[in-house]
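In what follows, a single structure is set out as structure tokens and then discussed.
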Amino acid sequence: MGNLILFLILAVIAIGSAIMMLFSRNAVHSALWLILNFATIAVFYIILNAPFLAMVQITVYAGAIMVLFLFVIMLLGTEQGSGVLATRRGQLWTAAGLGLVVLGSIGTALVRIGGSSVQAAAADTSPRVLAMILFENFTFPFEVTGILLLVAVVGLYVMSKQLRKG
Amino acid sequence: MAVTIEWYIALSTILFTLGALGVLLRRNAIIIFMSVELMLNSANLLLVAFAHHLGDATGQVLVFFVMTVAAAEVAVGLALIVAIFQSKKSIDIGDVNLLRG
Amino acid sequence: MIESSSILTVLTFLPIFGVAVILLLKPFNSENDLNIKVVANLTAVATFILSLVVLAMYDSSFAGLQMKHELNWIPALGVKYFFAVDGLSILMVMLTTFIMPLAIASSWNAIETQVKQYYIFLLLLEAGMMGVFLAQDLFFFYIFWEFTLVPMYFLIGIWGGKERVYASIKFFLYTMAGSLLMLVAILYMGLNAGTFSVPELIANYDLYSSAQSWLFWGFAVAFAIKVPLFPFHSWLPDAHTQAPTAGSIVLAGVLLKMGTYGFTRFNLPLFPEASAEAAPLMATLAIIGIIYGAILSFAQTDVKKLVAYSSISHLGFVMLGIFSLNEIGIQGAILQGVNHGLSTGALFFIVGIVYEQRHTRELSEFGGLWRAMPMYAVLSLVVTLSSMGLPGLNGFVGEFSILLGSIGGQTLGASPWIYTAFATTGVILAAIYLLKMYQGMFMGPLDNPKNQSLRDLNGGELAIMLSFLLFIVWIGIAPSGFFTMIDASVADLVTHMQPAIDAVVAANGG
Amino acid sequence: MNLFGLAPLLLILPLIGVFFNTVVGRRLVAADAPSGEKWSGWFATAMSGSAFIVAVLIFFSLPTVDYHAQTVVLWDWFNMPSTDFHVQWAMYFDTLSATMLLVVTGVGSLIHIYAIGYMHGDKDFARFFTYLNLFLFFMLILVTGNSYLMLFVGWEGVGLCSFLLIGFWYDKPNGVGILNGDAARKAFVANRVGDFAMIMAMSLTFWVFKTLEFEGVIETALHMFEEGGKAAPISFGMFTAEFQVVLSAITVLFLIGATGKSAQIPLFIWLPDAMAGPTPVSALIHAATMVTSGIYLITRSNVLFEIVRETGFQMAGIISVPDLVAVVGACTAVYAGLIAFTQFDVKKVLAYSTVSQLGFMIAAVGMGAYVAGMFHLITHAFFKALLFMGSGSIIHGMEHGHHHLHDHGHGGHGDDHHDDHHDDHHEDDFDPQDMRTMGGLWKKMPVTFGVYVIGSLALAGIFPFAGFWSKDEILAHAQVNEFAIFSFINIMLTIGAFCTAFYMTRQIKMVFFGEPRHEAAVHASESNRLMTRPLVFLAVLSVFGGFLNTPNFSEPEGYGSDYASEEKYEESGDHSETEAILAAGGSKTTFTLALEHWLEHSIQSFELTEEGVVHMPHTPIVLQYNVAVTSSIIAIGAILIAWFLVFRGYPMKPEDDDPLQAAPVIGTVWAFFQGLPLDSLYMNGWVKRVFLPLGEISNLIDWDFWHNFVHERLIRDTFVTSADFFSKVLDPLGVDGAVNGVGKSLRNFANGLRSTQTGNVGNYALGLFLGVAAVIAYFVFAA
């Protein structure tokens, strides 16, 4: 029962921070709310027996990526922007309707299934095991991902040259 | 009452929908990007939850790939935004409509 | 001898590799596209060096095909991927790889627009020509044969003179029309015999011999247009006068030789009887070409057109040599093909040099250039003399062998010397029109003020000229090495044809 | 002493000279004319002189190998292993080629020295010597080649040099340069006509004898003749003919070749124009060496000609080839001799004289008197070179005098000095070569005068000058033979000899005697020593050259025959005795018939008997006193008539007619010869009336009819017209209507679609999300 309470509290924080990110006019605020959301998800990871991922979540997402966002926001000086309501009406209502359709569909599905699923035995998720899986079963995707990063780097380099020229 | 996988599916769905709404409703390109990150995170959460549910660490490994792609995407995306800002002096996506037919 | 070797494949496709490199290149300095030129030149030179390797591997005592690279390509039709070389083609291959670097180098300053495409087309052309000379499967050959049209079409059509579009379309349609007849003949033979491979077709002579006189003409028209044999020469003056200098060099130097090569490679061995029967007619056309081309050449006032018409005359000699159907004549014809490539190629280059500076080719605009450009004048004199057939230079070697062969012509009737006599008048006529050109350009007073500021050859032009001259003199004074290369194969060809020739001679009461 | 290993030097040395002057000499002259000219000229001369020394060494090496012909192989030229066609670059030395070598290099070297003086001040000085050395190179190939093909290399090569040298002053102003170029071209093309015959002859020779080497051809020819006789069948390919017919064809083709190179009827037209070249060239190429190569060719092929004579085959049933050769030579001798005394240009007189003398030589070889022909060739080389160089000296002196009138400081010969001054009123048309402007020069130019007279006497055939002996030998040969054709030739040549003495007297009288008829002649002065020394040297040779082959003044003891009756020799049947005597005579130190004995190692004489071919030694010549006396009387008579009767009235003014022109009958003949169109037949007649229109007609046929009409009008326009019909009539009504309908509706539809593309990212994302929602809803509710 304690677990459920913890889950609910965290879920409320996660959903709340997401909503705040969505509705903040100030982009910096949005970013900060998102960091909170990521941190909450990191806690979920710990609960879900994934401590290593939790650490990565904090360092990479909450740390590196979000800092990058903030940095760009500051650089461009575009903190103040239009809010959600600046969107065209048709767009707003269609989006909201579609959101409800998705939520409704998944909710219906969950209700239909009922809470009958059985929890499997906990797996060993130490970094060593993760590394074994990563490098034994996913060697090629790993390499491809490396190339992807390389391409991103080269692309950024070219773009930055263009930016300097332009 | 134990926290079963269904709860996590529900939470993940809500976060995903919120992220999607952010993409659809905001006009600030940076916030749209943040919303995309939120959607990716909801997917990650679900992956980890299923890994826990099935007792198989492979799901956690997939999260690594998602994170990598996300990082690359953010890097390129933000660079694009900077580039757009330089030419348009705005990051409002309403101002970028070169594809208009 | 190496039985199976992929060196010929590499040789053929090396220029394509150069094309790929050029495609990937982004000009570092877009003003003169230096890197593109460098890559194109290096590719051509590398091809030449590789062809020297082929030459070193070539066994001149062996008469048959060597360095074969033979693979099944379309087994259902009996089409093969089949490269090989022998005495009939080795000199043509060497000529191609030798002329191309010179042609490419000669464009260094001449081409200013669309440089990248220009060099790509030249290199594609080289690959196509190599394929023509090396392919030993009719189907495979035909693909290369047609392929060469495309780059040449663009070379004339984009970088040519005022009437370039007209000339390029005419060139394309004219040669294409002839080729289609050949295609029909090729398909007939291939489908009847179940193979397109030339050696296998020769072995299965019976399967198509009943139609050989038709087949002979199917091939002959295609090749005669390419040569060009009178009266199929009408495309040549247009194409030559409109083509850029490098295009003219390649056109005269190599492309025309594809026609004469075709006769020796396909017509003679595949249809020996039809060839022996057609010899008097072909020789007559050749002689008309010799005299007619020479007279026309004399009537021209445009230097480039003059040289273009002289090609008709010179190629007439080659055709006469081939249809003398004996060893001396055919060897002379093959070597004369090379000689014409060198001499006329060099003449077009010479015309190109003054054209670049004066933008005119009218003979009356020149005169007394010797005073202004002495080095150019002297080297041009040697080239002109070579074209004229001065003994000691290459032109004479081929011409004399051909005339010698023609007087012993096997199926030229009871008085073969009549052919020789008429052909020999071409020697006199050559002196008349070439000296007219030389006198008009270089002698007389230097009184046109525009000519007084002309510059003499620069280093690059001198190097190209000297490369031409090296072989012009070499073949002139020591051709025996060149003859040795082709001797065995030609002797083999004549031996192969001898029964057919004897039959035709007997039928005509010889 | 066997020095044949040195032979390649003969070719290498002149080539070194060529390269030196093209690369270095040119720059030296451009940098500093006086010293550069010395370097350039003397270097070339040194090369020529060294070649002469090599020639002398080879000359003296021949006795050490018992006069056997020596071949020095350089490398393979043509070689087709599967055929018999194999020709080498090889040099062939026998007494004949050694003789030619000496003449070419010896006279050549003297002319080199002379040219240093003559060409002084010319801006193309080095180019001139390049050409001279190049000429020497090719001429040496010509005389040393071991096969017809190699001879042909030299043959064409000297033609090329002749072209280059005639056109040497190609850029003289006032159209002179263009005329020079035309003359050069004419020479080359006329030679090419001869070369046409040479190529045909060589092709036939190869197929008949399967070789082109002199030795092989001669051996095979004798062998075939011995085996099969005159009707031996020759066949190759589908061709068959009798031996005598083929051989006649070959020899007549050689004759045509020789008429081109040696300027005989009908191809002599180029030689007078060739005088456009600098005078040393006229002396070297157009008098002494190149033009004699036709005689060399026939002498070299003497066995073929003699076999034809033996077969007695008459071409078209009229005349045999050797007789034709003799007739052509004799006719040319008279014809050119007659033209020579209508000329006013000092060099043109000599040019026609050369043609005439070449006619003598050709007539000699045609009669089978090869040695006599060669003898005349050698002496002619001496005195005609002398005369040409003398005329050069006269022209030089006249130009000098002419300059003296205008600028007193400047001397020396330039290529166009007199043209520099053509703004000077009355001097516009001054021609330093016109004899009518000369007169009284003997006082001004004593050395030139002296040597010129010696040369003229030698040419006229006055005892004891060189020409007397050589011409006499030819005339003797013509006289002592009894065939009708020989009588004809005898008469013709005698007339020719008369003409020779006549026109030379006229020239000397006009040039050297009387009063000067022009200011330039008054101020003329003697040329420098570089020019006169070689003249003196040649004068000495012209005086004593005749002793090369002085005949015996009486019959050698024990020799029961004279030249007139070869038949007796044959009939006597006892050859051993005479052969022994001859052999003794050949090796004995005697100055009589030195050339005859020398050349008999190369020129074979033979007879077909029942035992086969018998080689026969040459019969020695005993001086034919009647011939000698007759010809002397004719020559002296001609001189006297010219001097005292016809040209008594000289000096004349430039505008005057020649006395002969005014004479009643002779005047007509004069007018005929002077106005004869043959001279300008080539440029004005053949080219303008035949070749140019032919070219234009062909152009009309090819371009206007074949190219423009058939290809453009018929084929292309038909295509274009039908295409127009399709595109303008058929297509809009039928096919196009349907196609356009489809096109229009498509366009409207597309316009509708277009509005959906807003360019707004949000809208696109919405579409995306719509799809996601639809998929999810589908799986949850429908699946």
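In the structure tokens, chains take letters A, B, ... by order of appearance, with residues numbered from 1 within each chain and ligands from 1 in the order shown.
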
Any idea what's packed within 9 Å of B:Ile81, counting only C-alpha atoms, ignoring anything in its chain fewer than 6 positions away? Could you give it as a list in words?
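The neighbour list is Val72 of chain A; Ala29, Ile30 and Ile91 of chain B.
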
Exercise: stretch 58-72 of chain B partners within 6 Å, only C-alpha atoms, chain neighbours under 4 positions left out, as a ChimeraX atom specification
/A:149 /B:44,47-48,51

Export N, CA and C atoms of the chosen residues as a short mmCIF file (atom, residue, chain, number, x, y, z; two decimals), in the first residue's frame?
```
data_model
loop_
_atom_site.label_atom_id
_atom_site.label_comp_id
_atom_site.auth_asym_id
_atom_site.auth_seq_id
_atom_site.Cartn_x
_atom_site.Cartn_y
_atom_site.Cartn_z
N LEU A 149 25.87 9.53 -33.96
CA LEU A 149 26.43 10.65 -33.20
C LEU A 149 27.50 11.37 -34.03
N ASN B 44 10.55 5.96 -22.41
CA ASN B 44 11.62 5.35 -21.60
C ASN B 44 11.06 4.75 -20.33
N LEU B 47 9.47 1.58 -21.03
CA LEU B 47 10.46 0.52 -21.28
C LEU B 47 11.01 -0.05 -19.98
N VAL B 48 11.37 0.86 -19.06
CA VAL B 48 11.94 0.40 -17.80
C VAL B 48 10.90 -0.37 -16.99
N ALA B 51 10.62 -3.73 -18.40
CA ALA B 51 11.80 -4.53 -18.05
C ALA B 51 11.64 -5.08 -16.63
#
```

Neighbours of chain D in chain C at 8 Å, counting only C-alpha atoms, as a PyMOL selection string
chain C and resi 234+292+295-299+327-328+368+390-392+397+400+403-404+407-416+420-421+424-425+427-428+431-432+435-436+439+443-446+477-481+483-484+487-488+491+505+510

Taking the backbone alone, and naming residues the way the document does, which bits of chain A are alpha helix (DSSP H) by DSSP, as a ChimeraX atom specification?
/A:2-23,27-47,51-56,66-76,89-113,127-137,139-165

Please report as CSV every residue of chain B lying within 8 Å of chain A, along with the nearest atom pair and their distance in Å (one decimal), using only C-alpha atoms.
```
residue,atom,partner,partner_atom,distance
B:Met1,CA,A:Met1,CA,5.4
B:Ala2,CA,A:Leu4,CA,6.4
B:Val3,CA,A:Leu4,CA,5.6
B:Thr4,CA,A:Gly115,CA,7.1
B:Ile5,CA,A:Ser117,CA,7.5
B:Glu6,CA,A:Leu110,CA,6.6
B:Ala10,CA,A:Gly107,CA,7.0
B:Leu11,CA,A:Ala11,CA,6.8
B:Thr13,CA,A:Leu103,CA,6.7
B:Ile14,CA,A:Leu103,CA,6.8
B:Leu15,CA,A:Ile15,CA,6.4
B:Thr17,CA,A:Gly99,CA,5.7
B:Leu18,CA,A:Ala18,CA,6.8
B:Gly19,CA,A:Ala18,CA,7.7
B:Ala20,CA,A:Gly99,CA,7.8
B:Leu21,CA,A:Ala95,CA,6.4
B:Gly22,CA,A:Leu22,CA,5.5
B:Leu24,CA,A:Ala95,CA,6.5
B:Leu25,CA,A:Val84,CA,5.6
B:Arg26,CA,A:Val84,CA,5.4
B:Arg27,CA,A:Ser82,CA,7.1
B:Asn28,CA,A:Gly81,CA,6.6
B:Ile30,CA,A:Phe69,CA,7.4
B:Ile31,CA,A:Ala27,CA,6.7
B:Met34,CA,A:Ala31,CA,7.4
B:Ser35,CA,A:Leu22,CA,7.7
B:Leu38,CA,A:Leu34,CA,7.6
B:Asn41,CA,A:Phe38,CA,7.7
B:Leu45,CA,A:Ile41,CA,7.1
B:Val48,CA,A:Leu48,CA,6.9
B:Ala49,CA,A:Leu48,CA,6.2
B:His52,CA,A:Leu48,CA,5.9
B:His53,CA,A:Gln119,CA,5.4
B:Leu54,CA,A:Ala120,CA,5.3
B:Gly55,CA,A:Ala123,CA,4.7
B:Asp56,CA,A:Ala123,CA,5.9
B:Ala57,CA,A:Thr125,CA,5.9
B:Thr58,CA,A:Ile133,CA,6.8
B:Gln60,CA,A:Leu53,CA,7.4
B:Val61,CA,A:Leu130,CA,6.3
B:Phe65,CA,A:Thr145,CA,7.3
B:Thr68,CA,A:Thr145,CA,7.2
B:Val69,CA,A:Thr145,CA,7.4
B:Ala71,CA,A:Ile65,CA,6.8
B:Ala72,CA,A:Leu149,CA,5.9
B:Val74,CA,A:Ile65,CA,7.4
B:Ala75,CA,A:Ala152,CA,7.5
B:Val76,CA,A:Ala152,CA,6.4
B:Leu78,CA,A:Val72,CA,7.3
B:Ala79,CA,A:Leu156,CA,6.9
B:Val82,CA,A:Leu76,CA,7.6
B:Ala83,CA,A:Leu163,CA,6.5
B:Phe85,CA,A:Leu76,CA,7.8
B:Ile91,CA,A:Thr78,CA,7.9
```

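Residues in contact range of stretch 155-164 of chain C, defined as at most 10 Å between only C-alpha atoms, with sequence neighbours fewer than 5 positions away removed, read Ala110, Ile111, Glu112, Thr113, Gln114, Val115, Gln117, Tyr118, Tyr119, Phe121, Leu122, Leu125, Leu149, Val150, Ile169, Lys170, Phe171, Asp238, Ala239, His240, Thr241, Gln242, Ala243, Pro244, Thr245, Ala246, Gly247 and Ser248 of chain C.
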
Put those residues in a file: N, CA, C and O atoms, as an mmCIF file, in the first residue's frame.
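Dumped to selection19.cif:
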```cif
data_model
loop_
_atom_site.group_PDB
_atom_site.id
_atom_site.type_symbol
_atom_site.label_atom_id
_atom_site.label_comp_id
_atom_site.auth_asym_id
_atom_site.auth_seq_id
_atom_site.Cartn_x
_atom_site.Cartn_y
_atom_site.Cartn_z
ATOM 1 N N ALA C 110 41.557 25.850 -72.734
ATOM 2 C CA ALA C 110 40.579 26.115 -73.796
ATOM 3 C C ALA C 110 39.145 26.074 -73.287
ATOM 4 O O ALA C 110 38.283 26.743 -73.823
ATOM 5 N N ILE C 111 38.898 25.278 -72.244
ATOM 6 C CA ILE C 111 37.523 25.109 -71.787
ATOM 7 C C ILE C 111 37.321 25.932 -70.526
ATOM 8 O O ILE C 111 38.047 25.782 -69.548
ATOM 9 N N GLU C 112 36.318 26.803 -70.573
ATOM 10 C CA GLU C 112 36.096 27.663 -69.405
ATOM 11 C C GLU C 112 34.738 27.446 -68.763
ATOM 12 O O GLU C 112 34.519 27.851 -67.634
ATOM 13 N N THR C 113 33.822 26.850 -69.494
ATOM 14 C CA THR C 113 32.492 26.684 -68.927
ATOM 15 C C THR C 113 32.211 25.223 -68.678
ATOM 16 O O THR C 113 32.646 24.351 -69.432
ATOM 17 N N GLN C 114 31.492 24.957 -67.627
ATOM 18 C CA GLN C 114 31.059 23.590 -67.285
ATOM 19 C C GLN C 114 32.223 22.610 -67.350
ATOM 20 O O GLN C 114 32.160 21.565 -68.008
ATOM 21 N N VAL C 115 33.264 23.007 -66.651
ATOM 22 C CA VAL C 115 34.503 22.238 -66.707
ATOM 23 C C VAL C 115 34.308 20.808 -66.231
ATOM 24 O O VAL C 115 34.812 19.862 -66.821
ATOM 25 N N GLN C 117 31.670 18.821 -66.141
ATOM 26 C CA GLN C 117 30.982 17.954 -67.096
ATOM 27 C C GLN C 117 31.887 17.625 -68.263
ATOM 28 O O GLN C 117 31.927 16.497 -68.767
ATOM 29 N N TYR C 118 32.641 18.600 -68.710
ATOM 30 C CA TYR C 118 33.517 18.409 -69.870
ATOM 31 C C TYR C 118 34.478 17.259 -69.642
ATOM 32 O O TYR C 118 34.601 16.332 -70.448
ATOM 33 N N TYR C 119 35.164 17.306 -68.503
ATOM 34 C CA TYR C 119 36.150 16.253 -68.252
ATOM 35 C C TYR C 119 35.477 14.918 -68.004
ATOM 36 O O TYR C 119 35.998 13.868 -68.376
ATOM 37 N N PHE C 121 32.815 13.872 -69.470
ATOM 38 C CA PHE C 121 32.470 13.309 -70.775
ATOM 39 C C PHE C 121 33.706 12.762 -71.485
ATOM 40 O O PHE C 121 33.659 11.705 -72.105
ATOM 41 N N LEU C 122 34.809 13.504 -71.367
ATOM 42 C CA LEU C 122 36.019 13.007 -72.028
ATOM 43 C C LEU C 122 36.434 11.660 -71.455
ATOM 44 O O LEU C 122 36.798 10.741 -72.189
ATOM 45 N N LEU C 125 34.176 8.959 -72.529
ATOM 46 C CA LEU C 125 34.483 8.626 -73.920
ATOM 47 C C LEU C 125 35.665 7.667 -73.977
ATOM 48 O O LEU C 125 35.661 6.692 -74.731
ATOM 49 N N LEU C 149 28.885 7.279 -78.495
ATOM 50 C CA LEU C 149 28.173 8.385 -79.143
ATOM 51 C C LEU C 149 27.767 9.456 -78.134
ATOM 52 O O LEU C 149 27.799 10.644 -78.429
ATOM 53 N N VAL C 150 27.378 9.013 -76.949
ATOM 54 C CA VAL C 150 26.755 9.949 -76.015
ATOM 55 C C VAL C 150 27.716 11.034 -75.550
ATOM 56 O O VAL C 150 27.433 12.225 -75.701
ATOM 57 N N ILE C 169 23.742 16.832 -83.422
ATOM 58 C CA ILE C 169 22.589 15.990 -83.727
ATOM 59 C C ILE C 169 22.849 15.198 -84.998
ATOM 60 O O ILE C 169 22.554 14.002 -85.083
ATOM 61 N N LYS C 170 23.460 15.851 -85.965
ATOM 62 C CA LYS C 170 23.756 15.159 -87.209
ATOM 63 C C LYS C 170 24.715 13.991 -86.955
ATOM 64 O O LYS C 170 24.508 12.879 -87.442
ATOM 65 N N PHE C 171 25.744 14.281 -86.191
ATOM 66 C CA PHE C 171 26.706 13.232 -85.843
ATOM 67 C C PHE C 171 25.987 12.056 -85.201
ATOM 68 O O PHE C 171 26.175 10.892 -85.580
ATOM 69 N N ASP C 238 31.115 18.706 -90.624
ATOM 70 C CA ASP C 238 30.340 19.437 -89.617
ATOM 71 C C ASP C 238 30.845 19.130 -88.222
ATOM 72 O O ASP C 238 31.111 20.022 -87.423
ATOM 73 N N ALA C 239 30.965 17.835 -87.942
ATOM 74 C CA ALA C 239 31.366 17.448 -86.594
ATOM 75 C C ALA C 239 32.743 18.010 -86.269
ATOM 76 O O ALA C 239 32.966 18.560 -85.190
ATOM 77 N N HIS C 240 33.665 17.914 -87.232
ATOM 78 C CA HIS C 240 35.023 18.365 -86.955
ATOM 79 C C HIS C 240 35.104 19.866 -86.770
ATOM 80 O O HIS C 240 35.780 20.359 -85.871
ATOM 81 N N THR C 241 34.416 20.597 -87.655
ATOM 82 C CA THR C 241 34.571 22.046 -87.548
ATOM 83 C C THR C 241 33.886 22.569 -86.300
ATOM 84 O O THR C 241 34.301 23.578 -85.751
ATOM 85 N N GLN C 242 32.854 21.883 -85.833
ATOM 86 C CA GLN C 242 32.139 22.410 -84.682
ATOM 87 C C GLN C 242 32.713 21.906 -83.356
ATOM 88 O O GLN C 242 32.529 22.549 -82.326
ATOM 89 N N ALA C 243 33.365 20.775 -83.385
ATOM 90 C CA ALA C 243 33.827 20.180 -82.131
ATOM 91 C C ALA C 243 34.919 21.048 -81.503
ATOM 92 O O ALA C 243 35.637 21.754 -82.207
ATOM 93 N N PRO C 244 35.025 21.013 -80.178
ATOM 94 C CA PRO C 244 36.170 21.681 -79.550
ATOM 95 C C PRO C 244 37.453 20.967 -79.927
ATOM 96 O O PRO C 244 37.405 19.831 -80.411
ATOM 97 N N THR C 245 38.580 21.612 -79.704
ATOM 98 C CA THR C 245 39.849 21.053 -80.168
ATOM 99 C C THR C 245 40.054 19.624 -79.680
ATOM 100 O O THR C 245 40.371 18.732 -80.464
ATOM 101 N N ALA C 246 39.836 19.414 -78.383
ATOM 102 C CA ALA C 246 40.062 18.064 -77.859
ATOM 103 C C ALA C 246 39.116 17.079 -78.514
ATOM 104 O O ALA C 246 39.481 15.952 -78.817
ATOM 105 N N GLY C 247 37.892 17.523 -78.763
ATOM 106 C CA GLY C 247 36.930 16.653 -79.428
ATOM 107 C C GLY C 247 37.404 16.261 -80.806
ATOM 108 O O GLY C 247 37.310 15.104 -81.207
ATOM 109 N N SER C 248 37.935 17.236 -81.540
ATOM 110 C CA SER C 248 38.449 16.926 -82.873
ATOM 111 C C SER C 248 39.608 15.961 -82.797
ATOM 112 O O SER C 248 39.733 15.049 -83.607
#
```

Report the distance between atom CA of D:Arg27 and atom CA of C:Leu379 in Å, rounded to one decimal place.
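Computing the Euclidean distance for atom CA of D:Arg27 and atom CA of C:Leu379 yields 17.7 Å.
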
Spatial neighbours of C:Ala507, 12 Å, only C-alpha atoms, chain gap at least 6 places, as a PyMOL selection string:
chain C and resi 273+276-277+411+413+500-501

Generate a file of the selected residues that holds all heavy atoms, formatted as a PDB file, in the first residue's frame.
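Printed below is out_11.pdb as written:
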```
ATOM      1  N   GLU C 273      34.203 -14.692 -97.182  1.00  0.00           N
ATOM      2  CA  GLU C 273      33.861 -14.738 -98.600  1.00  0.00           C
ATOM      3  C   GLU C 273      33.224 -13.442 -99.058  1.00  0.00           C
ATOM      4  O   GLU C 273      33.577 -12.889-100.101  1.00  0.00           O
ATOM      5  CB  GLU C 273      32.929 -15.911 -98.884  1.00  0.00           C
ATOM      6  CG  GLU C 273      33.703 -17.170 -99.197  1.00  0.00           C
ATOM      7  CD  GLU C 273      32.802 -18.382 -99.256  1.00  0.00           C
ATOM      8  OE1 GLU C 273      31.691 -18.263 -99.789  1.00  0.00           O
ATOM      9  OE2 GLU C 273      33.230 -19.430 -98.744  1.00  0.00           O
ATOM     10  N   ALA C 276      35.916 -10.903 -99.447  1.00  0.00           N
ATOM     11  CA  ALA C 276      36.724 -11.068-100.655  1.00  0.00           C
ATOM     12  C   ALA C 276      35.950 -10.602-101.874  1.00  0.00           C
ATOM     13  O   ALA C 276      36.509  -9.987-102.779  1.00  0.00           O
ATOM     14  CB  ALA C 276      37.128 -12.532-100.806  1.00  0.00           C
ATOM     15  N   GLU C 277      34.637 -10.861-101.874  1.00  0.00           N
ATOM     16  CA  GLU C 277      33.846 -10.430-103.017  1.00  0.00           C
ATOM     17  C   GLU C 277      33.659  -8.923-103.043  1.00  0.00           C
ATOM     18  O   GLU C 277      33.630  -8.303-104.110  1.00  0.00           O
ATOM     19  CB  GLU C 277      32.479 -11.116-102.984  1.00  0.00           C
ATOM     20  CG  GLU C 277      32.489 -12.393-103.789  1.00  0.00           C
ATOM     21  CD  GLU C 277      31.287 -13.268-103.488  1.00  0.00           C
ATOM     22  OE1 GLU C 277      30.313 -12.755-102.898  1.00  0.00           O
ATOM     23  OE2 GLU C 277      31.345 -14.466-103.818  1.00  0.00           O
ATOM     24  N   THR C 411      42.199  -9.900-104.190  1.00  0.00           N
ATOM     25  CA  THR C 411      40.978 -10.051-104.983  1.00  0.00           C
ATOM     26  C   THR C 411      40.644  -8.762-105.716  1.00  0.00           C
ATOM     27  O   THR C 411      39.498  -8.444-105.939  1.00  0.00           O
ATOM     28  CB  THR C 411      39.789 -10.452-104.106  1.00  0.00           C
ATOM     29  OG1 THR C 411      39.678  -9.476-103.069  1.00  0.00           O
ATOM     30  CG2 THR C 411      39.984 -11.807-103.503  1.00  0.00           C
ATOM     31  N   GLY C 413      41.222  -8.089-108.743  1.00  0.00           N
ATOM     32  CA  GLY C 413      41.206  -8.280-110.185  1.00  0.00           C
ATOM     33  C   GLY C 413      42.588  -8.482-110.759  1.00  0.00           C
ATOM     34  O   GLY C 413      43.585  -8.559-110.036  1.00  0.00           O
ATOM     35  N   ALA C 500      38.716 -18.820 -98.411  1.00  0.00           N
ATOM     36  CA  ALA C 500      37.615 -18.039 -98.983  1.00  0.00           C
ATOM     37  C   ALA C 500      38.115 -17.187-100.133  1.00  0.00           C
ATOM     38  O   ALA C 500      37.472 -17.078-101.186  1.00  0.00           O
ATOM     39  CB  ALA C 500      36.993 -17.160 -97.907  1.00  0.00           C
ATOM     40  N   ILE C 501      39.294 -16.580 -99.935  1.00  0.00           N
ATOM     41  CA  ILE C 501      39.849 -15.732-100.990  1.00  0.00           C
ATOM     42  C   ILE C 501      40.121 -16.566-102.230  1.00  0.00           C
ATOM     43  O   ILE C 501      39.748 -16.192-103.345  1.00  0.00           O
ATOM     44  CB  ILE C 501      41.141 -15.060-100.499  1.00  0.00           C
ATOM     45  CG1 ILE C 501      40.830 -14.034 -99.406  1.00  0.00           C
ATOM     46  CG2 ILE C 501      41.870 -14.384-101.645  1.00  0.00           C
ATOM     47  CD1 ILE C 501      42.036 -13.504 -98.701  1.00  0.00           C
TER      48      ILE C 501
END
```

For chain D, which of B:Gln86, B:Tyr8, B:Met39, B:Val96 is the closest residue, counting only C-alpha atoms?
B:Val96

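Atom CA of D:Met367 sits 21.4 Å away from atom CA of D:Met198.
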